[in-house]
file upload09.cif (mmCIF, C-alpha atoms)
data_data
loop_
_atom_site.label_atom_id
_atom_site.label_comp_id
_atom_site.auth_asym_id
_atom_site.auth_seq_id
_atom_site.Cartn_x
_atom_site.Cartn_y
_atom_site.Cartn_z
CA MET A 182 8.86 47.17 51.55
CA ASP A 183 6.64 48.68 54.24
CA LEU A 184 8.32 52.06 53.82
CA ILE A 185 7.42 52.11 50.12
CA LYS A 186 3.79 51.23 50.89
CA THR A 187 3.47 54.00 53.47
CA ILE A 188 4.88 56.57 51.06
CA GLU A 189 2.51 55.36 48.31
CA GLU A 190 -0.48 55.64 50.64
CA GLN A 191 0.40 59.28 51.33
CA GLN A 192 0.45 60.01 47.59
CA LYS A 193 -3.04 58.59 46.95
CA ASP A 194 -6.11 60.79 46.69
CA GLU A 195 -9.33 58.90 47.36
CA ASN A 196 -11.62 61.06 45.19
CA SER A 197 -9.52 61.10 42.05
CA LEU A 198 -11.03 58.04 40.31
CA ASN A 199 -14.66 59.12 39.79
CA PHE A 200 -15.17 57.34 36.45
CA SER A 201 -15.00 53.84 34.99
CA VAL A 202 -14.20 52.06 31.74
CA GLY A 203 -16.53 53.05 28.90
CA ASP A 204 -17.17 56.58 30.15
CA THR A 205 -16.54 59.56 27.91
CA VAL A 206 -14.35 61.95 29.88
CA LYS A 207 -12.57 65.30 29.58
CA VAL A 208 -9.13 65.19 31.17
CA HIS A 209 -7.71 68.57 32.19
CA PHE A 210 -3.93 68.09 32.01
CA GLU A 211 -1.30 70.67 32.97
CA ILE A 212 1.45 71.14 30.38
CA ILE A 213 4.67 73.02 31.11
CA GLU A 214 6.46 74.45 28.07
CA GLY A 215 9.61 76.22 29.16
CA LYS A 216 8.49 78.79 31.71
CA THR A 217 4.83 78.84 30.70
CA LYS A 218 2.10 76.60 32.06
CA ARG A 219 -1.21 75.84 30.42
CA ILE A 220 -4.05 73.37 30.81
CA GLN A 221 -4.88 71.12 27.88
CA ILE A 222 -8.22 69.31 27.66
CA TYR A 223 -8.21 65.80 26.20
CA GLU A 224 -11.66 64.29 25.55
CA GLY A 225 -12.31 60.66 24.71
CA VAL A 226 -13.50 57.23 25.87
CA VAL A 227 -11.77 55.47 28.75
CA ILE A 228 -10.77 52.11 27.27
CA CYS A 229 -8.85 50.68 30.23
CA ILE A 230 -7.80 51.21 33.83
CA LYS A 231 -4.59 49.41 34.82
CA ASN A 232 -2.50 48.66 37.91
CA THR A 233 -3.20 49.39 41.56
CA GLY A 234 -2.07 51.87 44.16
CA VAL A 235 -0.12 54.95 43.12
CA ARG A 236 0.82 53.38 39.77
CA LYS A 237 -2.81 53.26 38.60
CA THR A 238 -3.28 54.60 35.05
CA PHE A 239 -6.16 55.02 32.62
CA THR A 240 -6.11 55.15 28.83
CA VAL A 241 -8.30 57.59 26.92
CA ARG A 242 -8.97 57.10 23.20
CA LYS A 243 -10.30 59.66 20.75
CA ILE A 244 -10.50 60.03 16.99
CA SER A 245 -8.57 63.06 15.79
CA TYR A 246 -8.85 63.92 12.08
CA GLY A 247 -9.78 60.32 11.26
CA VAL A 248 -6.88 58.80 13.20
CA GLY A 249 -7.30 57.03 16.52
CA VAL A 250 -5.20 58.59 19.27
CA GLU A 251 -4.69 57.08 22.71
CA ARG A 252 -3.11 58.71 25.73
CA VAL A 253 -2.26 57.15 29.08
CA PHE A 254 -2.73 59.28 32.20
CA PRO A 255 -1.57 58.42 35.74
CA VAL A 256 -4.55 58.67 38.10
CA TYR A 257 -2.63 60.21 40.99
CA SER A 258 -0.47 62.57 38.94
CA PRO A 259 -0.38 66.17 40.16
CA ARG A 260 -0.52 67.25 36.49
CA VAL A 261 -4.00 65.74 36.02
CA ILE A 262 -6.06 68.64 37.34
CA LYS A 263 -9.51 67.09 36.99
CA VAL A 264 -11.48 64.52 35.04
CA ASP A 265 -15.02 65.47 33.95
CA VAL A 266 -17.43 62.67 33.07
CA ILE A 267 -19.39 63.66 29.96
CA ARG A 268 -21.29 60.40 29.32
CA VAL A 269 -21.63 57.25 31.39
CA GLY A 270 -20.93 54.21 29.22
CA LYS A 271 -22.71 50.87 29.44
CA VAL A 272 -20.06 48.16 29.01
CA ARG A 273 -19.59 44.59 30.15
CA ARG A 274 -15.81 44.40 29.90
CA SER A 275 -12.93 45.86 31.86
CA LYS A 276 -10.77 46.53 28.79
CA LEU A 277 -12.25 47.93 25.56
CA TYR A 278 -9.33 47.17 23.23
CA TYR A 279 -11.76 45.89 20.57
CA ILE A 280 -12.70 49.53 19.86
CA ARG A 281 -9.31 49.97 18.18
CA ASP A 282 -10.44 47.77 15.27
CA LYS A 283 -13.86 49.41 14.91
CA VAL A 284 -14.68 52.44 12.77
CA GLY A 285 -17.60 54.90 12.88
CA LYS A 286 -20.73 53.72 14.67
CA GLY A 287 -19.12 50.42 15.62
CA ALA A 288 -16.62 52.26 17.79
CA LYS A 289 -19.35 53.90 19.88
CA VAL A 290 -20.09 52.85 23.45
CA LYS A 291 -23.74 52.67 24.51
CA GLU A 292 -24.83 55.24 27.07
CA LEU A 293 -26.09 54.17 30.48
CA ILE A 294 -29.45 55.83 31.12
CA GLY A 295 -31.54 55.94 34.28
CA PRO A 296 -31.33 56.83 37.96
CA LYS A 297 -28.08 54.87 38.40
CA ALA A 298 -26.41 56.95 35.71
CA MET A 299 -27.78 60.19 37.16
CA ALA A 300 -26.44 59.37 40.63
CA TYR A 301 -23.10 58.46 39.09
CA LEU A 302 -22.91 61.77 37.21
CA GLU A 303 -23.88 63.77 40.30
CA ALA A 304 -21.10 62.14 42.34
CA SER A 305 -18.70 62.88 39.52
CA LYS A 306 -19.76 66.53 39.38
CA ALA A 307 -19.30 66.91 43.14
CA ALA A 308 -15.74 65.60 42.87
CA THR A 309 -15.13 67.90 39.91
CA LYS A 310 -16.14 71.03 41.84
CA ALA A 311 -13.33 70.45 44.31
CA ALA A 312 -10.88 70.08 41.43
CA GLU A 313 -12.11 73.31 39.80
CA ALA A 314 -10.86 75.32 42.76
CA GLN A 315 -7.45 73.71 42.34
CA GLU A 316 -7.51 74.44 38.59
CA ALA A 317 -8.33 78.10 39.21
CA ALA A 318 -5.42 78.36 41.64
CA ILE A 319 -3.05 76.84 39.07
CA LYS A 320 -4.28 79.23 36.36
CA ALA A 321 -3.74 82.22 38.66
CA GLU A 322 -0.28 80.97 39.59
CA ALA A 323 0.63 80.37 35.95
CA LYS A 324 -0.64 83.82 34.99
CA ALA A 325 1.50 85.39 37.71
CA GLU A 326 4.57 83.40 36.64
CA ASN A 327 4.04 84.30 32.97
CA ALA A 328 3.71 87.99 33.86
CA ALA A 329 6.85 87.83 35.99
CA ALA A 330 8.78 86.14 33.15
CA LYS A 331 7.95 89.01 30.76
#

call {"tool": "encode", "arguments": {"input": "upload09.cif", "output": "structure tokens"}}
result
Amino acid sequence: MDLIKTIEEQQKDENSLNFSVGDTVKVHFEIIEGKTKRIQIYEGVVICIKNTGVRKTFTVRKISYGVGVERVFPVYSPRVIKVDVIRVGKVRRSKLYYIRDKVGKGAKVKELIGPKAMAYLEASKAATKAAEAQEAAIKAEAKAENAAAK
């Protein structure tokens, strides 16, 4: 049991969870299709954060062509390049499953405004800058691999 915990601790990255439930985020996710790699951006509202340790996941919900779409991302996955916080949400619950039943304005989350929100966004942007360097490296590597495959 202790061996598993030590391996899980090595996998964790302390700065990867720079958002909370209710925030509107852009998740930059690496997709591998055959020999090509690309980064897909998925934007939506974080409706829940589940589990602890390396198994921690978060669910992002967006409305695409009038249909609600949810996607679950592992927090510590190497495929999640970065998570940008677009808006800080003001919520009083840890799980926002009630949004699934709402339509239009009812499905919106109020925005947190003030110095607390500004400090939160600044911390998020600082963590994002570190991830941008990693994203640029992945893009360069993918470009080189795609050119070599041709």

call {"tool": "resolve_selection", "arguments": {"input": "upload09.cif", "expression": "the PyMOL selection byres ((chain A and resi 320) around 12)", "output": "number ranges by chain"}}
result
A: 209-212, 217-221, 262, 313-319, 321-327

call {"tool": "resolve_selection", "arguments": {"input": "upload09.cif", "expression": "the PyMOL selection byres ((chain A and resi 288) around 12)", "output": "ChimeraX atom specification"}}
result
/A:203,225-226,228,242-244,249,277-287,289-291

call {"tool": "atom_distance", "arguments": {"input": "upload09.cif", "atom1": "atom CA of A:Lys231", "atom2": "atom CA of A:Leu198"}}
result
12.1 Å

call {"tool": "resolve_selection", "arguments": {"input": "upload09.cif", "expression": "the PyMOL selection byres ((chain A and resi 224) around 7)", "output": "PyMOL selection string"}}
result
chain A and resi 206-208+222-223+225+243

call {"tool": "closest_residue", "arguments": {"input": "upload09.cif", "among": "A:Val241, A:Lys271, A:Ser201, A:Gln192", "to": "A:Ser258", "atoms": "only C-alpha atoms"}}
result
A:Gln192

call {"tool": "closest_residue", "arguments": {"input": "upload09.cif", "among": "A:Thr205, A:Thr187, A:Thr238, A:Asn199", "to": "A:Gly270", "atoms": "all atoms listed in the file"}}
result
A:Thr205

call {"tool": "atom_distance", "arguments": {"input": "upload09.cif", "atom1": "atom CA of A:Val256", "atom2": "atom CA of A:Ser275"}}
result
16.5 Å

call {"tool": "closest_residue", "arguments": {"input": "upload09.cif", "among": "A:Asp204, A:Glu214, A:Asp183, A:Glu190", "to": "A:Val272", "atoms": "all atoms listed in the file"}}
result
A:Asp204
